[in-house]
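Below is final22.pdb, which holds PDB, C-alpha atoms.
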```
ATOM      1  CA  MET A   1     181.673 -63.904-143.936
ATOM      2  CA  GLY A   2     182.890 -60.718-142.296
ATOM      3  CA  ARG A   3     186.427 -59.400-142.056
ATOM      4  CA  LEU A   4     186.702 -59.618-138.252
ATOM      5  CA  LEU A   5     185.664 -62.969-136.833
ATOM      6  CA  THR A   6     186.524 -63.629-133.203
ATOM      7  CA  ALA A   7     187.455 -67.157-132.174
ATOM      8  CA  MET A   8     185.368 -67.280-129.005
ATOM      9  CA  LEU A   9     186.476 -68.879-125.768
ATOM     10  CA  THR A  10     184.174 -71.382-124.078
ATOM     11  CA  PRO A  11     183.139 -70.289-120.567
ATOM     12  CA  PHE A  12     182.940 -73.021-117.948
ATOM     13  CA  HIS A  13     181.258 -73.220-114.569
ATOM     14  CA  GLU A  14     183.551 -73.944-111.640
ATOM     15  CA  ASP A  15     182.662 -77.636-111.939
ATOM     16  CA  GLY A  16     183.978 -77.664-115.504
ATOM     17  CA  GLU A  17     180.627 -77.790-117.293
ATOM     18  CA  VAL A  18     179.914 -75.403-120.167
ATOM     19  CA  ASN A  19     178.357 -72.151-118.977
ATOM     20  CA  HIS A  20     175.827 -71.484-121.740
ATOM     21  CA  GLU A  21     174.450 -68.321-120.140
ATOM     22  CA  ALA A  22     177.929 -66.789-120.011
ATOM     23  CA  ALA A  23     178.603 -67.946-123.585
ATOM     24  CA  GLN A  24     175.478 -66.208-124.822
ATOM     25  CA  HIS A  25     176.375 -63.024-122.987
ATOM     26  CA  LEU A  26     179.949 -63.110-124.257
ATOM     27  CA  ALA A  27     178.707 -63.590-127.814
ATOM     28  CA  ARG A  28     176.526 -60.497-127.525
ATOM     29  CA  LEU A  29     179.373 -58.452-126.023
ATOM     30  CA  VAL A  30     181.929 -59.466-128.646
ATOM     31  CA  VAL A  31     179.586 -58.913-131.586
ATOM     32  CA  GLY A  32     178.535 -55.596-130.077
ATOM     33  CA  ASP A  33     182.178 -54.588-129.792
ATOM     34  CA  GLY A  34     183.030 -54.766-133.478
ATOM     35  CA  SER A  35     183.221 -58.424-134.518
ATOM     36  CA  ASP A  36     181.278 -59.431-137.611
ATOM     37  CA  GLY A  37     180.892 -62.968-136.357
ATOM     38  CA  LEU A  38     182.208 -65.704-134.114
ATOM     39  CA  VAL A  39     184.095 -68.955-134.490
ATOM     40  CA  LEU A  40     182.977 -71.540-131.940
ATOM     41  CA  ALA A  41     184.736 -74.697-130.787
ATOM     42  CA  GLY A  42     188.123 -73.768-132.142
ATOM     43  CA  THR A  43     191.446 -73.851-130.333
ATOM     44  CA  THR A  44     190.490 -70.749-128.347
ATOM     45  CA  GLY A  45     187.265 -72.489-127.354
ATOM     46  CA  GLU A  46     189.165 -75.504-125.957
ATOM     47  CA  ALA A  47     187.675 -77.704-128.671
ATOM     48  CA  PRO A  48     189.915 -80.716-127.966
ATOM     49  CA  THR A  49     188.197 -81.122-124.597
ATOM     50  CA  LEU A  50     184.620 -80.555-125.787
ATOM     51  CA  SER A  51     182.406 -83.466-126.740
ATOM     52  CA  ASP A  52     180.420 -83.340-129.973
ATOM     53  CA  ALA A  53     177.226 -82.876-127.955
ATOM     54  CA  GLU A  54     178.752 -79.910-126.100
ATOM     55  CA  LYS A  55     179.875 -78.302-129.350
ATOM     56  CA  LEU A  56     176.400 -78.617-130.869
ATOM     57  CA  GLN A  57     174.665 -77.198-127.800
ATOM     58  CA  LEU A  58     177.121 -74.295-127.790
ATOM     59  CA  ILE A  59     176.295 -73.530-131.426
ATOM     60  CA  ARG A  60     172.575 -73.539-130.676
ATOM     61  CA  ALA A  61     172.942 -71.318-127.620
ATOM     62  CA  VAL A  62     175.186 -68.740-129.325
ATOM     63  CA  LYS A  63     173.111 -68.593-132.492
ATOM     64  CA  GLU A  64     170.066 -67.944-130.328
ATOM     65  CA  ALA A  65     171.910 -65.101-128.604
ATOM     66  CA  VAL A  66     173.231 -63.439-131.804
ATOM     67  CA  PRO A  67     170.876 -64.576-134.577
ATOM     68  CA  THR A  68     172.055 -61.973-137.095
ATOM     69  CA  ALA A  69     175.783 -62.571-136.569
ATOM     70  CA  GLN A  70     177.770 -65.090-138.548
ATOM     71  CA  VAL A  71     178.550 -68.228-136.541
ATOM     72  CA  VAL A  72     181.309 -70.513-137.784
ATOM     73  CA  ALA A  73     181.602 -73.935-136.163
ATOM     74  CA  GLY A  74     184.910 -75.669-135.652
ATOM     75  CA  THR A  75     184.263 -79.179-136.923
ATOM     76  CA  GLY A  76     187.628 -80.274-138.300
ATOM     77  CA  THR A  77     189.353 -83.285-136.768
ATOM     78  CA  ASN A  78     192.048 -85.685-137.905
ATOM     79  CA  ASP A  79     189.354 -88.174-138.952
ATOM     80  CA  THR A  80     187.585 -87.186-142.161
ATOM     81  CA  ARG A  81     184.561 -89.365-141.473
ATOM     82  CA  HIS A  82     184.099 -87.866-138.015
ATOM     83  CA  SER A  83     184.569 -84.361-139.427
ATOM     84  CA  ILE A  84     181.827 -84.939-142.004
ATOM     85  CA  HIS A  85     179.425 -86.258-139.370
ATOM     86  CA  LEU A  86     180.081 -83.370-136.971
ATOM     87  CA  SER A  87     179.827 -80.842-139.821
ATOM     88  CA  GLU A  88     176.407 -82.167-140.796
ATOM     89  CA  GLN A  89     175.215 -81.839-137.217
ATOM     90  CA  ALA A  90     176.710 -78.357-136.848
ATOM     91  CA  MET A  91     174.939 -77.061-139.945
ATOM     92  CA  ALA A  92     171.684 -78.533-138.664
ATOM     93  CA  ALA A  93     172.297 -76.782-135.314
ATOM     94  CA  GLY A  94     172.429 -73.387-137.044
ATOM     95  CA  ALA A  95     176.046 -72.798-138.059
ATOM     96  CA  ASP A  96     176.524 -70.508-141.047
ATOM     97  CA  ALA A  97     179.859 -72.043-142.041
ATOM     98  CA  LEU A  98     182.467 -74.552-140.900
ATOM     99  CA  LEU A  99     186.092 -74.170-139.831
ATOM    100  CA  ALA A 100     188.145 -77.271-140.607
ATOM    101  CA  VAL A 101     191.770 -77.563-139.586
ATOM    102  CA  VAL A 102     194.403 -79.414-141.580
ATOM    103  CA  PRO A 103     194.312 -82.924-140.054
ATOM    104  CA  TYR A 104     196.678 -83.005-137.090
ATOM    105  CA  TYR A 105     198.939 -85.847-135.936
ATOM    106  CA  ASN A 106     198.249 -87.996-139.030
ATOM    107  CA  LYS A 107     200.596 -85.820-141.135
ATOM    108  CA  PRO A 108     198.666 -86.354-144.389
ATOM    109  CA  THR A 109     200.081 -85.707-147.835
ATOM    110  CA  GLN A 110     198.939 -82.666-149.819
ATOM    111  CA  GLU A 111     196.614 -84.985-151.730
ATOM    112  CA  GLY A 112     195.194 -86.239-148.452
ATOM    113  CA  MET A 113     194.482 -82.660-147.381
ATOM    114  CA  PHE A 114     192.699 -81.962-150.654
ATOM    115  CA  GLN A 115     190.515 -85.052-150.347
ATOM    116  CA  HIS A 116     189.752 -84.238-146.707
ATOM    117  CA  PHE A 117     188.537 -80.716-147.485
ATOM    118  CA  ARG A 118     186.692 -81.811-150.607
ATOM    119  CA  ALA A 119     184.658 -84.262-148.517
ATOM    120  CA  ILE A 120     183.786 -81.703-145.827
ATOM    121  CA  ALA A 121     182.930 -79.037-148.414
ATOM    122  CA  GLU A 122     180.099 -81.236-149.648
ATOM    123  CA  VAL A 123     178.362 -80.612-146.299
ATOM    124  CA  GLY A 124     178.514 -76.807-146.115
ATOM    125  CA  PRO A 125     180.684 -73.700-146.639
ATOM    126  CA  VAL A 126     184.196 -74.420-145.337
ATOM    127  CA  ILE A 127     186.992 -72.172-144.128
ATOM    128  CA  MET A 128     190.178 -74.226-144.088
ATOM    129  CA  TYR A 129     192.654 -73.695-141.257
ATOM    130  CA  ASN A 130     196.385 -73.983-141.905
ATOM    131  CA  ILE A 131     198.447 -73.957-138.698
ATOM    132  CA  GLN A 132     201.579 -76.065-138.883
ATOM    133  CA  GLY A 133     202.495 -75.269-135.280
ATOM    134  CA  ARG A 134     199.574 -77.409-134.114
ATOM    135  CA  THR A 135     199.195 -79.898-136.957
ATOM    136  CA  ALA A 136     202.862 -80.714-137.751
ATOM    137  CA  VAL A 137     202.250 -80.257-141.494
ATOM    138  CA  ASN A 138     201.910 -77.198-143.714
ATOM    139  CA  MET A 139     199.291 -76.953-146.429
ATOM    140  CA  THR A 140     201.130 -75.414-149.370
ATOM    141  CA  ALA A 141     199.918 -72.449-151.376
ATOM    142  CA  GLU A 142     199.346 -74.802-154.315
ATOM    143  CA  THR A 143     197.104 -77.113-152.288
ATOM    144  CA  THR A 144     195.272 -74.168-150.748
ATOM    145  CA  LEU A 145     194.472 -72.799-154.198
ATOM    146  CA  ARG A 146     193.512 -76.232-155.478
ATOM    147  CA  CYS A 147     191.052 -76.591-152.597
ATOM    148  CA  GLY A 148     189.878 -73.050-153.245
ATOM    149  CA  SER A 149     188.607 -74.142-156.644
ATOM    150  CA  LEU A 150     186.015 -76.342-154.900
ATOM    151  CA  ALA A 151     182.554 -74.793-154.755
ATOM    152  CA  GLY A 152     182.144 -75.365-151.027
ATOM    153  CA  VAL A 153     185.490 -73.948-149.898
ATOM    154  CA  ILE A 154     185.048 -70.240-149.199
ATOM    155  CA  GLY A 155     188.447 -69.367-147.764
ATOM    156  CA  VAL A 156     191.357 -70.157-145.493
ATOM    157  CA  LYS A 157     192.489 -69.138-142.052
ATOM    158  CA  GLU A 158     196.221 -68.771-142.642
ATOM    159  CA  ALA A 159     198.449 -69.257-139.607
ATOM    160  CA  SER A 160     201.530 -70.606-141.344
ATOM    161  CA  GLY A 161     203.503 -67.573-140.206
ATOM    162  CA  ASN A 162     204.904 -67.327-143.727
ATOM    163  CA  ILE A 163     203.935 -64.067-145.418
ATOM    164  CA  GLU A 164     205.424 -65.271-148.711
ATOM    165  CA  GLN A 165     203.056 -68.227-148.721
ATOM    166  CA  MET A 166     200.129 -65.995-147.800
ATOM    167  CA  THR A 167     201.033 -63.644-150.627
ATOM    168  CA  MET A 168     201.070 -66.495-153.122
ATOM    169  CA  VAL A 169     197.643 -67.644-151.945
ATOM    170  CA  CYS A 170     196.233 -64.124-152.286
ATOM    171  CA  ALA A 171     197.827 -63.741-155.723
ATOM    172  CA  GLY A 172     196.332 -66.949-157.084
ATOM    173  CA  ALA A 173     192.935 -66.941-155.407
ATOM    174  CA  SER A 174     189.653 -66.211-157.107
ATOM    175  CA  GLU A 175     187.812 -63.020-156.215
ATOM    176  CA  SER A 176     185.375 -64.939-154.016
ATOM    177  CA  PHE A 177     188.029 -66.825-152.031
ATOM    178  CA  ARG A 178     188.809 -65.155-148.693
ATOM    179  CA  VAL A 179     192.099 -65.250-146.819
ATOM    180  CA  TRP A 180     191.861 -64.513-143.104
ATOM    181  CA  SER A 181     194.916 -64.191-140.908
ATOM    182  CA  GLY A 182     195.115 -66.829-138.200
ATOM    183  CA  ASP A 183     197.686 -64.748-136.322
ATOM    184  CA  ASP A 184     196.470 -61.412-134.981
ATOM    185  CA  GLY A 185     199.854 -59.808-135.599
ATOM    186  CA  PHE A 186     199.779 -60.679-139.303
ATOM    187  CA  THR A 187     196.440 -58.948-139.921
ATOM    188  CA  LEU A 188     197.745 -55.728-141.450
ATOM    189  CA  PRO A 189     200.617 -57.343-143.430
ATOM    190  CA  LEU A 190     198.142 -59.845-144.862
ATOM    191  CA  LEU A 191     195.662 -57.108-145.782
ATOM    192  CA  ALA A 192     198.502 -55.308-147.557
ATOM    193  CA  VAL A 193     199.109 -58.273-149.886
ATOM    194  CA  GLY A 194     195.440 -58.876-150.647
ATOM    195  CA  GLY A 195     194.111 -60.702-147.592
ATOM    196  CA  TYR A 196     190.564 -60.234-146.384
ATOM    197  CA  GLY A 197     190.605 -60.057-142.592
ATOM    198  CA  VAL A 198     191.408 -61.933-139.388
ATOM    199  CA  ILE A 199     190.014 -64.707-137.233
ATOM    200  CA  SER A 200     191.124 -63.168-133.986
ATOM    201  CA  VAL A 201     191.844 -64.004-130.371
ATOM    202  CA  SER A 202     192.448 -60.409-129.268
ATOM    203  CA  GLY A 203     189.069 -59.460-130.729
ATOM    204  CA  HIS A 204     187.579 -60.418-127.380
ATOM    205  CA  LEU A 205     189.298 -57.457-125.758
ATOM    206  CA  ALA A 206     190.017 -55.011-128.569
ATOM    207  CA  GLY A 207     187.421 -55.668-131.239
ATOM    208  CA  ARG A 208     186.810 -52.018-132.011
ATOM    209  CA  ALA A 209     190.514 -51.337-132.471
ATOM    210  CA  PHE A 210     190.890 -54.275-134.847
ATOM    211  CA  GLN A 211     187.871 -53.137-136.826
ATOM    212  CA  ARG A 212     189.258 -49.564-136.986
ATOM    213  CA  MET A 213     192.593 -50.882-138.223
ATOM    214  CA  ILE A 214     190.945 -52.926-140.955
ATOM    215  CA  GLN A 215     188.739 -50.034-142.056
ATOM    216  CA  ALA A 216     191.643 -47.570-142.016
ATOM    217  CA  HIS A 217     193.529 -49.836-144.395
ATOM    218  CA  LEU A 218     190.530 -50.316-146.681
ATOM    219  CA  GLU A 219     189.804 -46.586-146.776
ATOM    220  CA  GLY A 220     193.364 -45.604-147.675
ATOM    221  CA  ARG A 221     194.662 -44.358-144.324
ATOM    222  CA  PRO A 222     197.848 -46.419-143.995
ATOM    223  CA  ALA A 223     199.425 -44.319-141.237
ATOM    224  CA  GLU A 224     196.375 -44.750-139.025
ATOM    225  CA  ALA A 225     196.254 -48.490-139.718
ATOM    226  CA  ALA A 226     199.950 -48.851-138.943
ATOM    227  CA  ALA A 227     199.650 -46.878-135.715
ATOM    228  CA  LEU A 228     196.864 -49.139-134.507
ATOM    229  CA  ALA A 229     198.799 -52.268-135.477
ATOM    230  CA  GLN A 230     201.812 -51.015-133.548
ATOM    231  CA  ARG A 231     199.752 -50.255-130.454
ATOM    232  CA  LEU A 232     197.984 -53.619-130.598
ATOM    233  CA  GLN A 233     201.154 -55.700-130.939
ATOM    234  CA  PRO A 234     202.222 -55.723-127.243
ATOM    235  CA  LEU A 235     198.748 -56.951-126.259
ATOM    236  CA  ILE A 236     198.855 -59.607-128.980
ATOM    237  CA  ASN A 237     202.282 -60.715-127.810
ATOM    238  CA  ALA A 238     201.081 -61.089-124.238
ATOM    239  CA  LEU A 239     198.002 -63.088-125.211
ATOM    240  CA  MET A 240     199.932 -65.404-127.512
ATOM    241  CA  SER A 241     203.335 -65.843-125.837
ATOM    242  CA  ILE A 242     202.928 -65.879-122.064
ATOM    243  CA  ALA A 243     201.403 -69.349-122.471
ATOM    244  CA  ALA A 244     199.604 -71.327-125.153
ATOM    245  CA  ASN A 245     196.286 -69.938-126.352
ATOM    246  CA  PRO A 246     193.697 -69.780-124.768
ATOM    247  CA  ILE A 247     195.312 -69.717-121.313
ATOM    248  CA  PRO A 248     196.291 -65.999-121.336
ATOM    249  CA  LEU A 249     193.036 -64.861-122.943
ATOM    250  CA  LYS A 250     190.812 -66.731-120.519
ATOM    251  CA  THR A 251     192.922 -65.472-117.624
ATOM    252  CA  ALA A 252     192.611 -61.888-118.846
ATOM    253  CA  MET A 253     188.848 -62.189-119.228
ATOM    254  CA  ASN A 254     188.555 -63.464-115.665
ATOM    255  CA  GLN A 255     190.800 -60.622-114.481
ATOM    256  CA  LEU A 256     188.511 -58.120-116.212
ATOM    257  CA  GLY A 257     185.481 -59.474-114.391
ATOM    258  CA  PHE A 258     183.954 -61.753-117.007
ATOM    259  CA  PRO A 259     183.080 -65.268-115.731
ATOM    260  CA  ALA A 260     185.170 -67.204-118.232
ATOM    261  CA  GLY A 261     185.730 -69.845-115.584
ATOM    262  CA  PRO A 262     188.437 -72.490-115.248
ATOM    263  CA  PHE A 263     190.279 -74.582-117.829
ATOM    264  CA  ARG A 264     189.829 -78.221-118.663
ATOM    265  CA  LEU A 265     192.914 -80.362-118.309
ATOM    266  CA  PRO A 266     195.484 -80.611-119.736
ATOM    267  CA  LEU A 267     195.345 -76.789-119.705
ATOM    268  CA  THR A 268     196.234 -75.283-116.338
ATOM    269  CA  PRO A 269     196.197 -71.750-114.868
ATOM    270  CA  LEU A 270     199.056 -69.293-115.141
ATOM    271  CA  ASP A 271     201.342 -68.959-112.165
ATOM    272  CA  ALA A 272     201.181 -65.719-110.187
ATOM    273  CA  ALA A 273     204.130 -64.060-111.934
ATOM    274  CA  ALA A 274     202.809 -64.792-115.435
ATOM    275  CA  ALA A 275     199.318 -63.647-114.464
ATOM    276  CA  GLU A 276     200.801 -60.376-113.218
ATOM    277  CA  ARG A 277     202.692 -59.833-116.488
ATOM    278  CA  LEU A 278     199.478 -60.419-118.393
ATOM    279  CA  SER A 279     197.538 -57.990-116.210
ATOM    280  CA  GLU A 280     200.200 -55.341-116.788
ATOM    281  CA  ALA A 281     200.041 -55.850-120.572
ATOM    282  CA  VAL A 282     196.264 -55.444-120.570
ATOM    283  CA  ALA A 283     196.525 -52.319-118.438
ATOM    284  CA  LEU A 284     199.154 -50.830-120.772
ATOM    285  CA  ALA A 285     196.834 -51.380-123.737
ATOM    286  CA  GLY A 286     194.664 -48.644-122.264
ATOM    287  CA  ASP A 287     191.759 -47.516-124.405
ATOM    288  CA  LEU A 288     192.361 -50.309-126.909
ATOM    289  CA  ILE A 289     190.522 -52.579-124.448
ATOM    290  CA  SER A 290     186.987 -51.680-125.458
ATOM    291  CA  PHE A 291     185.612 -54.831-123.786
ATOM    292  CA  ARG A 292     185.595 -52.850-120.523
ATOM    293  CA  ALA A 293     182.280 -51.332-121.568
ATOM    294  CA  GLY A 294     180.618 -54.700-121.026
ATOM    295  CA  ILE A 295     181.973 -55.641-117.618
ATOM    296  CA  ALA A 296     179.138 -54.258-115.524
ATOM    297  CA  ALA A 297     176.603 -56.285-117.452
ATOM    298  CA  THR A 298     178.314 -59.558-116.531
ATOM    299  CA  SER A 299     177.946 -59.199-112.780
ATOM    300  CA  GLY A 300     174.730 -61.160-112.623
ATOM    301  CA  LEU A 301     176.129 -64.222-114.402
ATOM    302  CA  SER A 302     177.074 -67.347-112.536
ATOM    303  CA  SER A 303     180.702 -68.408-112.844
TER
END
```
Give the structure from the file, written as structure tokens.
Amino acid sequence: MGRLLTAMLTPFHEDGEVNHEAAQHLARLVVGDGSDGLVLAGTTGEAPTLSDAEKLQLIRAVKEAVPTAQVVAGTGTNDTRHSIHLSEQAMAAGADALLAVVPYYNKPTQEGMFQHFRAIAEVGPVIMYNIQGRTAVNMTAETTLRCGSLAGVIGVKEASGNIEQMTMVCAGASESFRVWSGDDGFTLPLLAVGGYGVISVSGHLAGRAFQRMIQAHLEGRPAEAAALAQRLQPLINALMSIAANPIPLKTAMNQLGFPAGPFRLPLTPLDAAAAERLSEAVALAGDLISFRAGIAATSGLSS
């Protein structure tokens, strides 16, 4: 798996149905703009409102559009049996790996988390996803490393917001175990303590800048990496704080001319004032927004 994976939004037609043509085009644009691969049917892709059949068709369509890119399918739920079934179907549909979130709402014990991931890892390569803000429970560094000893678990998307925990995971992980940041703003700090990369939201808009930041760090140019991180932070803040993800991102993509389409309830559009603040933040990002190069090519897509 690559260092910059973008968690792709799911475009909808105005009637709320998945827009597969727009999804294929978006996949090509994002991969062409610096991302090593894509994560489908995650939070950014409005996974809670997608049926299993819609998720599988999305995987097939995107893999057809970007056959050489890495496609990770979000298949984790709070039901282990359902997660296994969906994971099997996702791998059959062409996914290269699976993203499985810590079970939400159930509030499992650490042992329950381990058993959950062990079962899914028997289906295919798994990236675990630790995000207490959405699941109500934190997977500890000890449990993360215990799961990392399983042959099928290839890494973790860490969105705990706790750099000490991330550091402990990096310190205890095997060489083959990858730690991706689940928060765009933690990308460089996580790289500094031994992390591998980021599963990004902002990668839709600023993929090249994120890739430059990662490469500057890897190639020993810390000042350049820090300067890019500092310039990216206001954009990240706007995308992640004006409203819950993916509302600001999808709004920004529509503002830039891409037919991302509407939201599915319970997500609703930004009000006019918030949309204006978002537009200003994107404008202030200036040349960091490399996605602009692809706008003209979207004009023929239905919305």
Can you list what the PyMOL selection byres ((chain A and resi 4) around 7) grabs from this structure, as a ChimeraX atom specification?
/A:2-3,5-6,35-37,197-199,211
With all atoms listed in the file as the basis for distance, which of A:Ala7, A:Ile84, A:Ala260, A:Leu288 is at the shortest distance from A:Asn19?
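Smallest distance to A:Asn19 is found for A:Ala260.
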Report as a VMD selection string all protein, DNA and RNA residues lying within 9 Å of stretch 147-149 of chain A, evaluated on only C-alpha atoms, omitting residues in the same chain fewer than 5 positions from it.
chain A and resid 113 to 115 117 to 118 128 142 154 to 156 173 to 174 177
I would like the residues chosen by the PyMOL selection byres ((chain A and resi 83) around 12) on the shown file; could you give them as a PyMOL selection string?
chain A and resi 52+73-82+84-90+98-103+116-124+126
Deliver the residues from the most recent selection as a file, using C-alpha atoms, as a CSV table (one decimal), keeping the file's coordinate frame.
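result.csv, freshly written:
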```csv
chain,number,residue,atom,x,y,z
A,52,ASP,CA,180.4,-83.3,-130.0
A,73,ALA,CA,181.6,-73.9,-136.2
A,74,GLY,CA,184.9,-75.7,-135.7
A,75,THR,CA,184.3,-79.2,-136.9
A,76,GLY,CA,187.6,-80.3,-138.3
A,77,THR,CA,189.4,-83.3,-136.8
A,78,ASN,CA,192.0,-85.7,-137.9
A,79,ASP,CA,189.4,-88.2,-139.0
A,80,THR,CA,187.6,-87.2,-142.2
A,81,ARG,CA,184.6,-89.4,-141.5
A,82,HIS,CA,184.1,-87.9,-138.0
A,84,ILE,CA,181.8,-84.9,-142.0
A,85,HIS,CA,179.4,-86.3,-139.4
A,86,LEU,CA,180.1,-83.4,-137.0
A,87,SER,CA,179.8,-80.8,-139.8
A,88,GLU,CA,176.4,-82.2,-140.8
A,89,GLN,CA,175.2,-81.8,-137.2
A,90,ALA,CA,176.7,-78.4,-136.8
A,98,LEU,CA,182.5,-74.6,-140.9
A,99,LEU,CA,186.1,-74.2,-139.8
A,100,ALA,CA,188.1,-77.3,-140.6
A,101,VAL,CA,191.8,-77.6,-139.6
A,102,VAL,CA,194.4,-79.4,-141.6
A,103,PRO,CA,194.3,-82.9,-140.1
A,116,HIS,CA,189.8,-84.2,-146.7
A,117,PHE,CA,188.5,-80.7,-147.5
A,118,ARG,CA,186.7,-81.8,-150.6
A,119,ALA,CA,184.7,-84.3,-148.5
A,120,ILE,CA,183.8,-81.7,-145.8
A,121,ALA,CA,182.9,-79.0,-148.4
A,122,GLU,CA,180.1,-81.2,-149.6
A,123,VAL,CA,178.4,-80.6,-146.3
A,124,GLY,CA,178.5,-76.8,-146.1
A,126,VAL,CA,184.2,-74.4,-145.3
```
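Excluding A:Tyr105 itself and any same-chain residue fewer than 5 positions from it, the protein and nucleic acid residues within 9 Å of it, counting all atoms listed in the file, are Asn78, Arg134, Thr135, Ala136 and Val137 of chain A.
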Can you pull out every residue within 12 Å of A:Asn254, counting all atoms listed in the file, but drop anything in the same chain fewer than 4 positions away, and send it as a ChimeraX atom specification?
/A:9,11-12,22,205,247-250,258-263,269,275,278-279,295,298-299,303
Which distance in Å separates atom CA of A:Leu228 and atom CA of A:Ser202, to one decimal?
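Computing the Euclidean distance for atom CA of A:Leu228 and atom CA of A:Ser202 yields 13.2 Å.
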For the PyMOL selection byres ((chain A and resi 166) around 12), applied here, can you spell out every residue it catches as a ChimeraX atom specification?
/A:130,139-142,144-145,156-165,167-173,178-183,186-187,189-196
Kindly export the residues of the current selection with C-alpha atoms, as a CSV table (one decimal), keeping the file's coordinate frame.
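Produced file result.csv, reproduced below:
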```
chain,number,residue,atom,x,y,z
A,130,ASN,CA,196.4,-74.0,-141.9
A,139,MET,CA,199.3,-77.0,-146.4
A,140,THR,CA,201.1,-75.4,-149.4
A,141,ALA,CA,199.9,-72.4,-151.4
A,142,GLU,CA,199.3,-74.8,-154.3
A,144,THR,CA,195.3,-74.2,-150.7
A,145,LEU,CA,194.5,-72.8,-154.2
A,156,VAL,CA,191.4,-70.2,-145.5
A,157,LYS,CA,192.5,-69.1,-142.1
A,158,GLU,CA,196.2,-68.8,-142.6
A,159,ALA,CA,198.4,-69.3,-139.6
A,160,SER,CA,201.5,-70.6,-141.3
A,161,GLY,CA,203.5,-67.6,-140.2
A,162,ASN,CA,204.9,-67.3,-143.7
A,163,ILE,CA,203.9,-64.1,-145.4
A,164,GLU,CA,205.4,-65.3,-148.7
A,165,GLN,CA,203.1,-68.2,-148.7
A,167,THR,CA,201.0,-63.6,-150.6
A,168,MET,CA,201.1,-66.5,-153.1
A,169,VAL,CA,197.6,-67.6,-151.9
A,170,CYS,CA,196.2,-64.1,-152.3
A,171,ALA,CA,197.8,-63.7,-155.7
A,172,GLY,CA,196.3,-66.9,-157.1
A,173,ALA,CA,192.9,-66.9,-155.4
A,178,ARG,CA,188.8,-65.2,-148.7
A,179,VAL,CA,192.1,-65.2,-146.8
A,180,TRP,CA,191.9,-64.5,-143.1
A,181,SER,CA,194.9,-64.2,-140.9
A,182,GLY,CA,195.1,-66.8,-138.2
A,183,ASP,CA,197.7,-64.7,-136.3
A,186,PHE,CA,199.8,-60.7,-139.3
A,187,THR,CA,196.4,-58.9,-139.9
A,189,PRO,CA,200.6,-57.3,-143.4
A,190,LEU,CA,198.1,-59.8,-144.9
A,191,LEU,CA,195.7,-57.1,-145.8
A,192,ALA,CA,198.5,-55.3,-147.6
A,193,VAL,CA,199.1,-58.3,-149.9
A,194,GLY,CA,195.4,-58.9,-150.6
A,195,GLY,CA,194.1,-60.7,-147.6
A,196,TYR,CA,190.6,-60.2,-146.4
```
Gap from atom CA of A:Ala209 to atom CA of A:Ala283 - Å, one decimal:
15.3 Å
Separation of atom CA of A:Val201 from atom CA of A:Thr268 in Å:
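Spanning atom CA of A:Thr268 to atom CA of A:Val201 is a straight-line distance of 18.5 Å.
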Counting only C-alpha atoms, the option among A:Leu256, A:Asp184, A:Ala53, A:Met240 closest to A:Ile214:
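Ranked by minimum distance to A:Ile214, first place goes to A:Asp184.
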Which is closest to A:Gly152 among A:Ile127, A:Leu50, A:Ile59, A:Ala216, if we use only C-alpha atoms?
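For A:Gly152, the nearest of the given residues is A:Ile127.
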Between A:Gly45, A:Asp33, A:Ala69, A:Gly133, which residue has the minimum interatomic distance to A:Arg212, considering only C-alpha atoms?
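Closest to A:Arg212, using only C-alpha atoms: A:Asp33.
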